[in-house]
Each structure stands twice: as C-alpha cells, then as structure tokens.
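**Student:** Handing you a structure now.
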Amino acid sequence: MSIDNIISEAVSKAVNELYGLEIGADKIAPQTTRPEFEGNLTIVVFPFVKAARKAPEAVSNEIGEWLVKNEPAVARFNVVKGFLNIVIEPTFWNGVLAEIAATPDYGTTAATDDSPLVMVEYSSPNTNKPLHLGHVRNNLLGYSLAEILKACGNKVVKTNIVNDRGIHICKSMLAWKKWGNGATPESTGKKGDHLIGDFYVLFDKHYKEEVAQLMAEGQSEEEAKQNAPLMLEAREMLRLWEQKDPEVRRLWAMMNSWVYAGFDETYRRLGVDFDKIYYESDTYLEGKEKVLEGLEKGIMYRKDDGSVWADLTDAGLDHKLLLRSDGTSVYMTQDIGTARLRYQDFPIDKMIYVVGNEQNYHFQVLSILLDRLGFKWGKDLVHFSYGMVELPEGKMKSREGTVVDADDLIDEMVNAAKTVAQEQGKAKDASPEEADEIAEIVGLGALKYFLLKVDPRKNMTFNPKESIDFNGNTGPFIQYTHARIRSILRNAADVERVDYSSVEPNEKEADLIQRLADFPEVIKEAGKNYSPALIANYVYDLVKNYNQFYHDYSVLKETDAAVRSLRLTISEQVARVVKTGMGLLGIKVPERM
RNA sequence: GGUUCGGUAGCUCAGCUGAAUAGAGCAGCAGUCUUCUAAACUGCGGGUCGCGGGUUUGAGUCCCGCCCGAAUCACCA
C-alpha cells in the first residue's frame, strides 16, 4: 500500500473516532508538502472543521496527535492554520524504496487476457509530400499515447491509414509524367517522398500560372481554377485511376512505393511503428454499404437528387452528406467504412484517433454516426485532438514551401547535438560510431521532448531560427542526468551493497523516494487524460530534484556503507524511472553523453 | 452567426479532481568545476493568472456574462 493510502486511511479513521465523521479514505487526498514547510504530506483539514465545531488549528492538532499515537508511519507533525503537515518516519522510506527496487517493470501494468483492446490511429499521411513538423507532432503523440496506454494495462493496436489516392496524388503523378524525364530516387539521389513532394510543388507552380493566364483572359478565379488544363488533366487521371487503368495504376504504384520507402526511413528514425497499416485505396469504397443500411433503418435520408444525408440537428449539429448524388463516397463515408473493416479485423473496445484539431467537427459527427450505426465503441471514440505547429509567420503551407521538413529538422537537431558535444569535449573516450549514436539519441531527444512536454491541445510556435535548446527543461537535460547516474553506477560496480533499512534518509533522499513512489500514479493519470505531457513534467521534476541531490551529496565518497547503499539504490531507481518514463515518450536515454 | 478549443512572468510553458506567499525553463545579472560528467548547481530581479460578476471558510482552477485569438461549419480530404 502506498504511503498516500496509509495516511488517507489513518485520517479517515481519525476523523471518525474524533468527530464521528464518515469520510471514505478515497475522499481524502494528501498532497505533497510545500518545500518551505517541514513535512512530507499535508492534509487540509478545512472540510472537517464544521463537523468538529472547532478552529482549524485545533482540528489539525487533534488529528496530528491521533496520527502520531496510532499510525507508526507518522513520526511527527506541525500545523499551519488548517494545514496539517505530516513528517513520515524517516526509515519508513527505506521500505518504500526497497519495494520499488524489487518491482519488475516498476510503474507499468501488464495487459491480461481481459484487458480492453484499444486501437490508436496516428500519422495518416498523404503520399504526395514528405512529412513535416506537424506530422512529427502527430507521430510522437500517437506513439507515446499508445505506449502509455500499454503501460496502463491495455492491449493496444497501433494503426495508420495512408491516404494514398485522390486528386492530390494525381497532381504529383501528372507533374512527374510531364516534367520528370523519368527521374527516380536512384537517379536523383533524393529520398522518394521528397522527390514526389517536389513534383507536387511543381504542379502547383504551373497550375497557378495557368490560372493567372486564364484570369487575364477574362475568366473569374473560380472558373479559371476549374478550367485550367492541368486540373482537367489531373481529374482525367483520377478518373482513369478509378477505372483501374493499367498504365495509371502502374505509375501510381511505382511512385507510391518511392514515397513509402521515404516514409519508412523517417518513421524508423523517429522510432515510431505500426501494427497494422490500412490504405485508403483499399478502403475508400467501403462504407457505402453501411450508409445504405443506415438509410434502410431510417438513420439517414435521401434527397430528391439521390444524395444521402444524415440529420444531426437533434445533436446540435448540421445535416451531413454521406453519398453524393452520383452515388460516390465522401470522406465521412470512408471513415465509416474504415471503422467497419477495422472492427472486422480486431475486436476493438476503444478507438482513438490522433488527428489535428481542425477536424474536431468531423469526429464529432463520426462519433454520432458510428453510434447510430451500431458500433459499440462509436459513442465513446476519442478524438485525440492536438493543436497546430505554427511558424512565427503563421501556418505552414506545403504548397508554398513554408514547411519545416521532418528529415531536415532531425538532421539539424542531430548535427547540433554533435556540435555541442564536441565544443564541450563530451564523451571523449567514445568511438566515432558511438559519438554519432549519442548525437542521434540526444538530437532526437531534444526534438521529441520539445514537442511532447506541452499540452497537446495547444497550438505551438516553432521558430526555425532559434534552435531547440539543450539546456534547462529539455530532453538532453534529462538524458544527461541519466548518463550521470549510469556513470556513478559503472564506477560503483565493485562497491559492496549493504542493508540500508535502518539508515535515516535525509530530507532530499526522502523527497526523492517519495517522488519515485508517485510514478505509477502519474502513468495512470497520463493514461486517463491521454497526456504524454504529464509524464514529461514528472520526469523533469524528478530529474531536477536528483540534480540538486547530486550536487549536495556524494554517492561514492560517502564513507558510511549503509548510507552509500541507500544513495546507490535511489540513484539506480531514479535512472530506471527516467528510462521508463522517457521510453513512454519514445525518447531514448544514453549510458553516457 | 453556431460549435469546439485556447488566453498564466519579456519569451516558451507547468499548475491534477478548489486550499498556504501562483511555479519551471529561456533571455538578463552575479556566483560555483584539482572532489561520482558544469548539457549541472546556487542566488537576484520579473505577475491585475484576458475583463467583470457569482458560488465557497477558501477560486488561476467551478458557474454566468463579456473581450481577444485559433479551428471548423464543402456533393475537398
């Protein structure tokens, strides 16, 4: 039982005996005592004051005295107004620490056969351009969320729906056909996704010229956009694609395979992966059946022109189109179809979509529709909605080339990590290969932590001119602390470990043990709130406190063998929790740096 | 206009289900390396928690109204 629970139950018993109050231990949440007061845990006694018919100070004192007399874990207490600060018996912490050290996979809960199956959809790229910083945020959030949910004892399936068809793909294909001269990733030395992205931009450039030309000839902007020859050609290509024209399909398959090779490289570098990948070209015809089924059941209705709609006005929303008058599907229909396929493939209990907040409305509608169509997880589907990454000038626009490219950014971060390491003469004894590996870990750690430490809902600004920091509340700071601890532990390989159970931990040591003890609860909270940021902040806090401890006390130079063993164990467990916590964020921690 | 989400230090952000004098980092200034890795540690300055009401012993946190910003409300995806 955790120390929080011990105190909660004791206080619950105390107020019952003292004042006849029936308050469940679960209603009493001790908080960590503020550093300026003596104590480990604090009980706010105001809620009991009325029933006790006494002043807050008196109530605090009475409960405090009761605890000292009846609860062995409580050493002493002090009272500030209605705040009862409890000092835990110092040696009690040793038992807490020993228990942590003896727990395999501390903090995480393994899934069982009965665990719910959660599917997390993330990444979901278009195959007409390379990944940019916004995708990176998505990928990291999705991966981290999946890891956190696993750590909370869920079965998790990570999935990706690749948007591999549509007019935007045809644009790249057309541009390649017209101006590509047979360029391939091999012939140009470009990564496949970048090569395709360049043709997408090229299409847009020529298209804009055509539109301008037509407008100069007197057409309205609307007309010009519709009538531009390139657009007509792209549409024709899409039509041929849908008819499964062999030549178009061959080109499409070839160009997509280049893109996938490029994506795979970026995914690998980011350290994200998927259990099951769906392709929109396989799923885009799905869903129609389900909609027609809904039509029969009266969940949808048909207009005179043949289009099919859902009336969502009773849910405070609008009417939503599901099948065009020509019978073809829209985005929403596809998502219903994908949901159906997924449910055939996996007995999903919960579905989480990691998709940007610009699609909040879409998922509101999807949830209602899936529910009405009988998906048991439809109503409670989670749209893990995250904010945009913006530049100081505003939104990133891929067509205008104002995007922060994922691969470029990763390279920059890794190079910066290398430069810093060289300048500061770090890891001098490391081989060049090891130095590269460390730079990769640190550079990516900086990037990932930067993106994950903030509340996902918030839009964030990324200034390419100010590189991501390596000092302060950053990934490298945390990684550095881990490396330092590992260094101590390497040096301590021959140090004899002795029983430390009767040592009285000093304030800093007790504080660290208390923080370590919070870890499982933090993981649960992060899972409940879908918040990697909670883990990030916890780990930062832990590490910050460890560094203070490291500065004030020596582990290896401590002459008392028992105290030394205690400090070694604390250090070991801090390193372990840091590694686990950062692992939940998809961030590696190096042995040295 | 409807819906959803944001507004906390110069900048980037924490602040969980209400609780003590609102916390970090960056930037600025001043200190600490013959001592387990200084990507660290210590100190200083910096705030009308968007505004106004309300509930409460107690509100950055809950409720109402308003202001500002973002997204969205397509026979696009």
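Chain lettering (A, B, ...) mirrors the order of the structure tokens, residue numbering begins at 1 for each chain separately, and ligand numbering begins at 1 in order of display.
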Determine which residues of region 428-563 of chain A receive a DSSP assignment of helix (DSSP H, G or I), computed from the backbone, and state them as a PyMOL selection string.
**Tutor:** chain A and resi 432-452+475-491+507-528+532-552+561-563
**Student:** Residues of chain B that have any atom at most 10 Å from an atom of region 314-335 of chain A: could you tabulate them with the shortest-distance atom pair and the distance in Å to one decimal, using only C-alpha atoms (C1' of nucleotides), ordered by chain and increasing number, as CSV?
**Tutor:**
```
residue,atom,partner,partner_atom,distance
B:G2,C1',A:Leu317,CA,8.6
B:U3,C1',A:Leu317,CA,7.7
B:C73,C1',A:Asp318,CA,7.9
B:A74,C1',A:Leu321,CA,9.5
B:C75,C1',A:Arg324,CA,4.9
B:C76,C1',A:Tyr331,CA,8.5
B:A77,C1',A:Tyr331,CA,6.2
```
**Student:** Just to be explicit: take each residue in the selection above, keep C-alpha atoms (C1' of nucleotides), and write the result as a CSV table (one decimal), in the first residue's frame.
**Tutor:**
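See selection_37.csv below for the written result:
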```csv
chain,number,residue,atom,x,y,z
B,2,G,C1',-23.4,28.1,-34.5
B,3,U,C1',-19.9,24.6,-32.4
B,73,C,C1',-19.5,24.6,-40.0
B,74,A,C1',-18.0,21.8,-48.6
B,75,C,C1',-21.6,16.9,-53.4
B,76,C,C1',-12.4,18.6,-50.6
B,77,A,C1',-9.7,15.1,-47.8
```
**Student:** If we count only C-alpha atoms (C1' of nucleotides), which residues of chain A reach to within 8 Å of chain B? Please list them as a PyMOL selection string.
**Tutor:** chain A and resi 44+46+80+83+307+317-318+321+323-325+331+357-361+454+457-458+470-473+476-477+480+483-484+487-488+491+537+547-548+551+554-557
**Student:** Can you spit out the residues from that selection as a short mmCIF file (atom, residue, chain, number, x, y, z; two decimals), in the first residue's frame, using N, CA and C atoms?
**Tutor:**
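Final output, selection19.cif:
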```cif
data_model
loop_
_atom_site.label_atom_id
_atom_site.label_comp_id
_atom_site.auth_asym_id
_atom_site.auth_seq_id
_atom_site.Cartn_x
_atom_site.Cartn_y
_atom_site.Cartn_z
N VAL A 44 -5.32 18.90 4.33
CA VAL A 44 -6.07 20.14 4.51
C VAL A 44 -7.29 19.80 5.35
N PHE A 46 -9.75 21.80 6.52
CA PHE A 46 -10.95 22.65 6.44
C PHE A 46 -12.24 21.86 6.27
N VAL A 80 0.07 24.59 10.37
CA VAL A 80 -0.01 25.97 9.92
C VAL A 80 -1.47 26.21 9.56
N PHE A 83 -3.63 23.59 7.87
CA PHE A 83 -2.80 22.63 7.15
C PHE A 83 -2.03 21.78 8.13
N SER A 307 -28.78 12.14 -53.42
CA SER A 307 -27.74 12.19 -52.40
C SER A 307 -28.30 11.72 -51.05
N LEU A 317 -26.00 19.64 -34.28
CA LEU A 317 -25.13 19.81 -35.45
C LEU A 317 -25.98 19.98 -36.70
N ASP A 318 -25.32 19.86 -37.85
CA ASP A 318 -25.96 20.14 -39.12
C ASP A 318 -26.44 18.87 -39.82
N LEU A 321 -23.67 15.30 -45.45
CA LEU A 321 -23.71 14.50 -46.68
C LEU A 321 -22.89 13.22 -46.51
N LEU A 323 -23.41 10.37 -49.14
CA LEU A 323 -23.20 9.88 -50.51
C LEU A 323 -23.62 10.99 -51.47
N ARG A 324 -22.74 11.26 -52.43
CA ARG A 324 -23.06 12.30 -53.40
C ARG A 324 -24.21 11.84 -54.28
N SER A 325 -24.76 12.79 -55.04
CA SER A 325 -25.91 12.44 -55.90
C SER A 325 -25.50 11.41 -56.96
N TYR A 331 -15.45 11.78 -47.59
CA TYR A 331 -14.50 11.48 -46.52
C TYR A 331 -15.17 10.74 -45.36
N ASN A 357 -6.69 19.31 -34.59
CA ASN A 357 -7.93 19.90 -34.10
C ASN A 357 -8.77 20.55 -35.19
N GLU A 358 -8.21 20.63 -36.40
CA GLU A 358 -9.02 21.19 -37.48
C GLU A 358 -10.15 20.24 -37.86
N GLN A 359 -10.05 19.00 -37.36
CA GLN A 359 -11.08 18.02 -37.70
C GLN A 359 -12.00 17.70 -36.53
N ASN A 360 -12.08 18.61 -35.59
CA ASN A 360 -12.95 18.39 -34.43
C ASN A 360 -14.39 18.10 -34.84
N TYR A 361 -14.87 18.85 -35.79
CA TYR A 361 -16.25 18.70 -36.23
C TYR A 361 -16.47 17.33 -36.88
N VAL A 454 4.51 19.90 -23.98
CA VAL A 454 3.42 20.86 -23.89
C VAL A 454 2.07 20.15 -24.06
N ARG A 457 -3.29 19.98 -26.72
CA ARG A 457 -4.39 20.77 -27.29
C ARG A 457 -3.92 22.13 -27.80
N LYS A 458 -2.82 22.58 -27.25
CA LYS A 458 -2.41 23.94 -27.57
C LYS A 458 -1.68 24.02 -28.90
N PHE A 470 19.19 22.84 -25.53
CA PHE A 470 19.71 21.62 -24.92
C PHE A 470 19.89 21.81 -23.42
N ASN A 471 19.54 23.00 -22.93
CA ASN A 471 19.70 23.30 -21.50
C ASN A 471 18.35 23.57 -20.87
N GLY A 472 18.27 23.35 -19.57
CA GLY A 472 17.03 23.65 -18.86
C GLY A 472 16.00 22.53 -19.01
N ASN A 473 14.76 22.92 -19.14
CA ASN A 473 13.68 21.94 -19.24
C ASN A 473 13.64 21.33 -20.64
N PRO A 476 17.65 16.73 -23.52
CA PRO A 476 19.05 16.49 -23.17
C PRO A 476 19.36 16.66 -21.69
N PHE A 477 18.71 17.60 -21.04
CA PHE A 477 18.90 17.77 -19.60
C PHE A 477 18.56 16.48 -18.86
N TYR A 480 21.01 13.75 -19.82
CA TYR A 480 22.30 13.99 -19.17
C TYR A 480 22.29 13.46 -17.73
N ALA A 483 22.66 9.81 -17.82
CA ALA A 483 24.03 9.42 -18.15
C ALA A 483 24.93 9.57 -16.93
N ARG A 484 24.71 10.64 -16.18
CA ARG A 484 25.50 10.86 -14.97
C ARG A 484 25.28 9.73 -13.97
N SER A 487 26.90 6.64 -15.01
CA SER A 487 28.34 6.75 -14.78
C SER A 487 28.68 6.37 -13.34
N ILE A 488 27.92 6.89 -12.40
CA ILE A 488 28.11 6.52 -11.00
C ILE A 488 27.99 5.01 -10.84
N ASN A 491 30.93 3.14 -12.02
CA ASN A 491 32.04 3.26 -11.08
C ASN A 491 31.78 2.47 -9.80
N ASN A 537 6.53 16.16 -17.62
CA ASN A 537 6.69 17.08 -16.50
C ASN A 537 7.13 16.35 -15.24
N ASN A 547 19.28 16.21 -9.48
CA ASN A 547 20.48 17.03 -9.71
C ASN A 547 20.85 17.84 -8.48
N GLN A 548 19.86 18.31 -7.77
CA GLN A 548 20.13 19.04 -6.53
C GLN A 548 20.78 18.10 -5.51
N HIS A 551 24.31 17.34 -6.47
CA HIS A 551 25.19 18.48 -6.18
C HIS A 551 25.54 18.55 -4.70
N SER A 554 27.55 13.36 -2.10
CA SER A 554 28.27 12.42 -2.95
C SER A 554 27.78 11.00 -2.66
N VAL A 555 27.68 10.24 -3.69
CA VAL A 555 27.26 8.85 -3.52
C VAL A 555 28.48 7.98 -3.19
N LEU A 556 29.46 8.06 -4.06
CA LEU A 556 30.59 7.14 -3.95
C LEU A 556 31.57 7.51 -2.85
N LYS A 557 31.62 8.82 -2.52
CA LYS A 557 32.58 9.23 -1.49
C LYS A 557 31.99 9.10 -0.09
#
```
**Student:** So that I can see what lies close to region 199-203 of chain A, please list as a ChimeraX atom specification the residues with an atom at most 7 Å from it, counting only C-alpha atoms (C1' of nucleotides) and leaving out residues fewer than 6 positions away in the same chain.
**Tutor:** /A:128,171-172,175-176,399
**Student:** Please measure the separation of CA of Thr474 (chain A) and CA of Val420 (chain A), giving the value in Å to one decimal.
**Tutor:** 14.4 Å
**Student:** Find the spatial neighbours of region 573-583 of chain A, counting only C-alpha atoms (C1' of nucleotides), within a cut-off of 8 Å - ignore same-chain residues fewer than 4 positions away - and output them as a list in words.
**Tutor:**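 My list of contacting residues is Ile100, Ala101, Tyr106, Ile478, His482, Ile485, Arg486, Leu516, Phe519, Ile535, Ala536, Val539, Leu542, Val543, Tyr546, Thr569, Ile587, Lys588 and Val589 of chain A.
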**Student:** When you count only C-alpha atoms, which of these residues is closest to Glu390 (chain A): A:Ala533, A:Ala98, A:Met254, A:Leu133?
**Tutor:**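 So, comparing all the options, the nearest one is A:Leu133.
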**Student:** Just checking: using only C-alpha atoms (C1' of nucleotides), which residue out of B:G43, B:G18, B:G65, B:G50 ends up closest to G31 (chain B)?
**Tutor:** B:G43
